[in-house]
file structure-v1.cif (mmCIF, C-alpha atoms)
data_my_file
loop_
_atom_site.group_PDB
_atom_site.id
_atom_site.type_symbol
_atom_site.label_atom_id
_atom_site.label_comp_id
_atom_site.auth_asym_id
_atom_site.auth_seq_id
_atom_site.Cartn_x
_atom_site.Cartn_y
_atom_site.Cartn_z
ATOM 1 C CA MET A 1 -7.146 -18.116 11.327
ATOM 2 C CA GLU A 2 -5.538 -16.605 8.263
ATOM 3 C CA ARG A 3 -3.241 -13.618 8.520
ATOM 4 C CA ILE A 4 -2.185 -12.690 5.006
ATOM 5 C CA VAL A 5 0.310 -10.034 3.941
ATOM 6 C CA ILE A 6 0.056 -8.851 0.333
ATOM 7 C CA LEU A 7 3.196 -7.360 -1.196
ATOM 8 C CA GLY A 8 4.110 -5.932 -4.576
ATOM 9 C CA ARG A 9 5.034 -2.834 -6.479
ATOM 10 C CA ALA A 10 2.640 0.087 -6.841
ATOM 11 C CA GLY A 11 -0.129 -0.686 -9.316
ATOM 12 C CA ALA A 12 0.145 -4.456 -8.810
ATOM 13 C CA GLY A 13 -3.456 -4.634 -7.608
ATOM 14 C CA LYS A 14 -2.708 -5.217 -3.910
ATOM 15 C CA THR A 15 -5.698 -3.306 -2.578
ATOM 16 C CA THR A 16 -8.155 -4.696 -5.120
ATOM 17 C CA PHE A 17 -6.912 -8.212 -4.409
ATOM 18 C CA ALA A 18 -6.998 -7.683 -0.633
ATOM 19 C CA ARG A 19 -10.596 -6.492 -0.757
ATOM 20 C CA LEU A 20 -11.609 -9.472 -2.880
ATOM 21 C CA LEU A 21 -9.861 -11.852 -0.465
ATOM 22 C CA GLY A 22 -11.627 -10.107 2.397
ATOM 23 C CA GLU A 23 -14.998 -10.708 0.736
ATOM 24 C CA ILE A 24 -14.157 -14.374 0.175
ATOM 25 C CA THR A 25 -12.681 -15.130 3.597
ATOM 26 C CA GLY A 26 -14.551 -12.667 5.798
ATOM 27 C CA ALA A 27 -11.240 -11.455 7.242
ATOM 28 C CA PRO A 28 -10.858 -7.726 7.863
ATOM 29 C CA VAL A 29 -8.732 -5.901 5.290
ATOM 30 C CA ILE A 30 -6.037 -3.515 6.485
ATOM 31 C CA VAL A 31 -4.857 -1.090 3.792
ATOM 32 C CA LEU A 32 -1.593 0.442 4.937
ATOM 33 C CA ASP A 33 -1.851 3.291 2.402
ATOM 34 C CA ALA A 34 -5.127 4.295 4.083
ATOM 35 C CA ILE A 35 -3.442 4.418 7.499
ATOM 36 C CA TRP A 36 -0.350 6.374 6.436
ATOM 37 C CA GLN A 37 -1.451 9.973 5.938
ATOM 38 C CA PRO A 38 -0.004 11.868 2.951
ATOM 39 C CA GLN A 39 1.035 14.838 5.107
ATOM 40 C CA TRP A 40 2.934 12.669 7.599
ATOM 41 C CA THR A 41 6.701 12.709 7.842
ATOM 42 C CA GLU A 42 9.236 10.458 9.534
ATOM 43 C CA ALA A 43 8.298 12.193 12.805
ATOM 44 C CA ASP A 44 4.878 10.497 12.554
ATOM 45 C CA LEU A 45 6.321 6.996 12.242
ATOM 46 C CA GLN A 46 5.565 6.048 15.862
ATOM 47 C CA GLU A 47 1.905 7.009 15.445
ATOM 48 C CA PHE A 48 1.780 4.963 12.228
ATOM 49 C CA ARG A 49 3.332 1.964 13.991
ATOM 50 C CA SER A 50 0.849 2.251 16.863
ATOM 51 C CA LEU A 51 -2.039 2.226 14.401
ATOM 52 C CA ILE A 52 -0.498 -0.763 12.604
ATOM 53 C CA LYS A 53 -0.154 -2.697 15.888
ATOM 54 C CA GLU A 54 -3.754 -1.966 16.785
ATOM 55 C CA ALA A 55 -5.063 -2.938 13.342
ATOM 56 C CA HIS A 56 -3.148 -6.242 13.361
ATOM 57 C CA ALA A 57 -4.087 -7.277 16.892
ATOM 58 C CA CYS A 58 -7.084 -9.382 15.820
ATOM 59 C CA GLU A 59 -6.914 -13.100 15.023
ATOM 60 C CA SER A 60 -7.394 -12.854 11.259
ATOM 61 C CA TRP A 61 -6.601 -10.146 8.764
ATOM 62 C CA ILE A 62 -5.472 -9.366 5.258
ATOM 63 C CA SER A 63 -2.769 -6.727 5.256
ATOM 64 C CA ASP A 64 -2.190 -4.830 2.025
ATOM 65 C CA GLY A 65 1.046 -2.938 1.548
ATOM 66 C CA ASN A 66 4.804 -3.057 1.769
ATOM 67 C CA PHE A 67 6.167 -0.568 4.357
ATOM 68 C CA ALA A 68 8.808 -3.207 5.124
ATOM 69 C CA VAL A 69 11.116 -1.284 7.439
ATOM 70 C CA ALA A 70 8.273 0.335 9.384
ATOM 71 C CA THR A 71 5.911 -2.629 9.763
ATOM 72 C CA PHE A 72 7.381 -6.066 9.049
ATOM 73 C CA ASP A 73 8.448 -6.554 12.685
ATOM 74 C CA ILE A 74 4.777 -6.136 13.612
ATOM 75 C CA ARG A 75 3.080 -8.028 10.768
ATOM 76 C CA LEU A 76 5.344 -10.862 9.659
ATOM 77 C CA PRO A 77 5.848 -12.710 12.956
ATOM 78 C CA ARG A 78 2.058 -13.234 13.076
ATOM 79 C CA ALA A 79 1.492 -13.769 9.346
ATOM 80 C CA THR A 80 0.462 -17.182 8.051
ATOM 81 C CA LEU A 81 0.924 -16.408 4.354
ATOM 82 C CA ILE A 82 2.609 -13.828 2.131
ATOM 83 C CA LEU A 83 1.205 -13.218 -1.329
ATOM 84 C CA TRP A 84 3.543 -11.406 -3.717
ATOM 85 C CA LEU A 85 1.681 -9.786 -6.604
ATOM 86 C CA ASP A 86 4.475 -9.692 -9.118
ATOM 87 C CA GLY A 87 2.948 -8.251 -12.278
ATOM 88 C CA SER A 88 5.082 -6.634 -14.939
ATOM 89 C CA LYS A 89 6.349 -3.061 -14.758
ATOM 90 C CA LEU A 90 4.219 -2.162 -17.767
ATOM 91 C CA LEU A 91 1.027 -3.551 -16.234
ATOM 92 C CA CYS A 92 1.705 -1.761 -12.940
ATOM 93 C CA THR A 93 2.481 1.472 -14.788
ATOM 94 C CA TRP A 94 -0.805 1.204 -16.685
ATOM 95 C CA ARG A 95 -2.811 0.513 -13.529
ATOM 96 C CA ALA A 96 -1.118 3.282 -11.517
ATOM 97 C CA THR A 97 -1.748 5.785 -14.308
ATOM 98 C CA LYS A 98 -5.339 4.666 -14.860
ATOM 99 C CA ARG A 99 -6.299 4.870 -11.188
ATOM 100 C CA VAL A 100 -5.538 8.590 -10.825
ATOM 101 C CA PHE A 101 -8.465 9.259 -13.184
ATOM 102 C CA LYS A 102 -11.000 7.232 -11.163
ATOM 103 C CA ARG A 103 -13.549 9.197 -9.196
ATOM 104 C CA GLY A 104 -13.007 8.953 -5.438
ATOM 105 C CA GLU A 105 -9.543 7.445 -5.830
ATOM 106 C CA PRO A 106 -7.119 8.628 -3.129
ATOM 107 C CA HIS A 107 -4.131 8.449 -5.507
ATOM 108 C CA ARG A 108 -3.565 11.840 -7.108
ATOM 109 C CA MET A 109 -2.153 13.040 -10.398
ATOM 110 C CA ASN A 110 0.454 15.213 -8.646
ATOM 111 C CA ALA A 111 2.088 12.090 -7.174
ATOM 112 C CA LEU A 112 2.028 10.039 -10.383
ATOM 113 C CA ILE A 113 5.628 10.731 -11.441
ATOM 114 C CA LYS A 114 6.869 9.648 -7.997
ATOM 115 C CA VAL A 115 4.778 6.467 -8.200
ATOM 116 C CA LEU A 116 6.022 5.660 -11.699
ATOM 117 C CA LYS A 117 9.642 6.091 -10.571
ATOM 118 C CA PHE A 118 8.886 3.777 -7.633
ATOM 119 C CA ILE A 119 7.513 1.136 -10.025
ATOM 120 C CA TRP A 120 10.494 1.271 -12.366
ATOM 121 C CA LYS A 121 13.116 1.297 -9.576
ATOM 122 C CA PHE A 122 11.288 -1.299 -7.461
ATOM 123 C CA ASP A 123 13.378 -4.339 -8.435
ATOM 124 C CA LYS A 124 16.665 -2.550 -7.813
ATOM 125 C CA GLU A 125 15.811 -0.517 -4.710
ATOM 126 C CA ASN A 126 12.713 -1.788 -2.906
ATOM 127 C CA ARG A 127 12.531 -5.518 -3.606
ATOM 128 C CA PRO A 128 15.939 -6.253 -1.999
ATOM 129 C CA LEU A 129 14.949 -4.260 1.098
ATOM 130 C CA ILE A 130 11.563 -5.980 1.309
ATOM 131 C CA GLU A 131 13.098 -9.427 0.822
ATOM 132 C CA ALA A 132 15.800 -8.821 3.443
ATOM 133 C CA ASN A 133 13.194 -7.707 5.978
ATOM 134 C CA ARG A 134 10.889 -10.566 5.011
ATOM 135 C CA MET A 135 13.640 -13.092 5.616
ATOM 136 C CA TYR A 136 14.531 -11.482 8.940
ATOM 137 C CA TYR A 137 11.010 -11.124 10.400
ATOM 138 C CA GLY A 138 9.144 -13.937 8.652
ATOM 139 C CA PRO A 139 11.544 -16.564 7.312
ATOM 140 C CA GLU A 140 9.097 -19.404 8.000
ATOM 141 C CA VAL A 141 6.063 -17.706 6.464
ATOM 142 C CA GLN A 142 4.966 -19.361 3.214
ATOM 143 C CA VAL A 143 5.322 -17.103 0.162
ATOM 144 C CA ILE A 144 3.193 -17.516 -2.941
ATOM 145 C CA ARG A 145 4.191 -15.441 -5.959
ATOM 146 C CA LEU A 146 1.393 -14.519 -8.321
ATOM 147 C CA ASN A 147 2.908 -13.258 -11.570
ATOM 148 C CA SER A 148 -0.200 -12.708 -13.685
ATOM 149 C CA ASN A 149 -3.970 -12.381 -13.583
ATOM 150 C CA ARG A 150 -4.104 -16.073 -14.519
ATOM 151 C CA ASP A 151 -2.057 -16.931 -11.405
ATOM 152 C CA ILE A 152 -4.318 -14.758 -9.270
ATOM 153 C CA ASP A 153 -7.459 -16.382 -10.705
ATOM 154 C CA ALA A 154 -6.004 -19.856 -10.056
ATOM 155 C CA PHE A 155 -5.240 -18.901 -6.461
ATOM 156 C CA LEU A 156 -8.743 -17.481 -5.987
ATOM 157 C CA ALA A 157 -10.204 -20.703 -7.417
ATOM 158 C CA THR A 158 -8.489 -22.648 -4.622
ATOM 159 C CA LEU A 159 -10.559 -20.551 -2.212
ATOM 160 C CA GLY A 160 -13.761 -21.295 -4.100
ATOM 161 C CA ALA A 161 -14.038 -17.851 -5.702
ATOM 162 C CA SER A 162 -16.437 -17.783 -8.601
ATOM 163 C CA ARG A 163 -15.375 -14.478 -10.126
ATOM 164 C CA PRO A 164 -12.049 -13.523 -11.677
ATOM 165 C CA PHE A 165 -9.688 -10.845 -10.440
ATOM 166 C CA ALA A 166 -10.583 -7.355 -11.634
ATOM 167 C CA ARG A 167 -8.839 -6.470 -14.855
#
call {"tool": "encode", "arguments": {"input": "structure-v1.cif", "output": "structure tokens"}}
result
Amino acid sequence: MERIVILGRAGAGKTTFARLLGEITGAPVIVLDAIWQPQWTEADLQEFRSLIKEAHACESWISDGNFAVATFDIRLPRATLILWLDGSKLLCTWRATKRVFKRGEPHRMNALIKVLKFIWKFDKENRPLIEANRMYYGPEVQVIRLNSNRDIDAFLATLGASRPFAR
């Protein structure tokens, strides 16, 4: 059974990719951003972790999101593969900006500046933290880095996917 963790900066396409992988593999998709509630604070971390444990208890899953400090001890020891979506800052900025204008999208305009700062500071602040936690909780888990839509399409082709990654 596959248990895949998808990592990357905001706007990398993690959720879109996870849903496509879920369609291809039949594995349930767990979107961490959908579990973490916008009004929650650090006081709600235990509830979040309980929900994460419950969601990842099944034999196969695709887990979309970083939340390294809060969740890697739960997800990575059981993971069979980590997929890093490592698109450029400019591409992620474009996607993060574009998505706030989509109907029904949970990402909101009022949080866009925070998201854009996250994207641009990701390599300096978040990537080292994610990598340190990844090495601690899942050092043996295979990591595949997908740096472009072409890389993503090539990976999907290995699974027999007939359609390309959403642009």
call {"tool": "closest_residue", "arguments": {"input": "structure-v1.cif", "among": "A:Arg75, A:Lys124, A:Lys89, A:His56", "to": "A:Ser148", "atoms": "only C-alpha atoms"}}
result
A:Lys89
call {"tool": "atom_distance", "arguments": {"input": "structure-v1.cif", "atom1": "atom CA of A:Trp94", "atom2": "atom CA of A:Ile24"}}
result
26.6 Å
call {"tool": "resolve_selection", "arguments": {"input": "structure-v1.cif", "expression": "the PyMOL selection byres ((chain A and resi 133) around 12)", "output": "ChimeraX atom specification"}}
result
/A:66-77,126-132,134-139
call {"tool": "resolve_selection", "arguments": {"input": "structure-v1.cif", "expression": "the PyMOL selection byres ((chain A and resi 20) around 12)", "output": "list in words"}}
result
Gly13, Lys14, Thr15, Thr16, Phe17, Ala18, Arg19, Leu21, Gly22, Glu23, Ile24, Thr25, Gly26, Ala27, Pro28, Val29, Ile62, Asp64, Ile152, Asp153, Phe155, Leu156, Leu159, Ala161, Ser162, Arg163, Pro164, Phe165 and Ala166 of chain A
call {"tool": "write_last_selection", "arguments": {"input": "structure-v1.cif", "atoms": "C-alpha atoms", "output": "PDB file, in the frame of the given file"}}
result
ATOM      1  CA  GLY A  13      -3.456  -4.634  -7.608  1.00  0.00           C
ATOM      2  CA  LYS A  14      -2.708  -5.217  -3.910  1.00  0.00           C
ATOM      3  CA  THR A  15      -5.698  -3.306  -2.578  1.00  0.00           C
ATOM      4  CA  THR A  16      -8.155  -4.696  -5.120  1.00  0.00           C
ATOM      5  CA  PHE A  17      -6.912  -8.212  -4.409  1.00  0.00           C
ATOM      6  CA  ALA A  18      -6.998  -7.683  -0.633  1.00  0.00           C
ATOM      7  CA  ARG A  19     -10.596  -6.492  -0.757  1.00  0.00           C
ATOM      8  CA  LEU A  21      -9.861 -11.852  -0.465  1.00  0.00           C
ATOM      9  CA  GLY A  22     -11.627 -10.107   2.397  1.00  0.00           C
ATOM     10  CA  GLU A  23     -14.998 -10.708   0.736  1.00  0.00           C
ATOM     11  CA  ILE A  24     -14.157 -14.374   0.175  1.00  0.00           C
ATOM     12  CA  THR A  25     -12.681 -15.130   3.597  1.00  0.00           C
ATOM     13  CA  GLY A  26     -14.551 -12.667   5.798  1.00  0.00           C
ATOM     14  CA  ALA A  27     -11.240 -11.455   7.242  1.00  0.00           C
ATOM     15  CA  PRO A  28     -10.858  -7.726   7.863  1.00  0.00           C
ATOM     16  CA  VAL A  29      -8.732  -5.901   5.290  1.00  0.00           C
ATOM     17  CA  ILE A  62      -5.472  -9.366   5.258  1.00  0.00           C
ATOM     18  CA  ASP A  64      -2.190  -4.830   2.025  1.00  0.00           C
ATOM     19  CA  ILE A 152      -4.318 -14.758  -9.270  1.00  0.00           C
ATOM     20  CA  ASP A 153      -7.459 -16.382 -10.705  1.00  0.00           C
ATOM     21  CA  PHE A 155      -5.240 -18.901  -6.461  1.00  0.00           C
ATOM     22  CA  LEU A 156      -8.743 -17.481  -5.987  1.00  0.00           C
ATOM     23  CA  LEU A 159     -10.559 -20.551  -2.212  1.00  0.00           C
ATOM     24  CA  ALA A 161     -14.038 -17.851  -5.702  1.00  0.00           C
ATOM     25  CA  SER A 162     -16.437 -17.783  -8.601  1.00  0.00           C
ATOM     26  CA  ARG A 163     -15.375 -14.478 -10.126  1.00  0.00           C
ATOM     27  CA  PRO A 164     -12.049 -13.523 -11.677  1.00  0.00           C
ATOM     28  CA  PHE A 165      -9.688 -10.845 -10.440  1.00  0.00           C
ATOM     29  CA  ALA A 166     -10.583  -7.355 -11.634  1.00  0.00           C
TER      30      ALA A 166
END
call {"tool": "atom_distance", "arguments": {"input": "structure-v1.cif", "atom1": "atom CA of A:Ile4", "atom2": "atom CA of A:Ser50"}}
result
19.3 Å
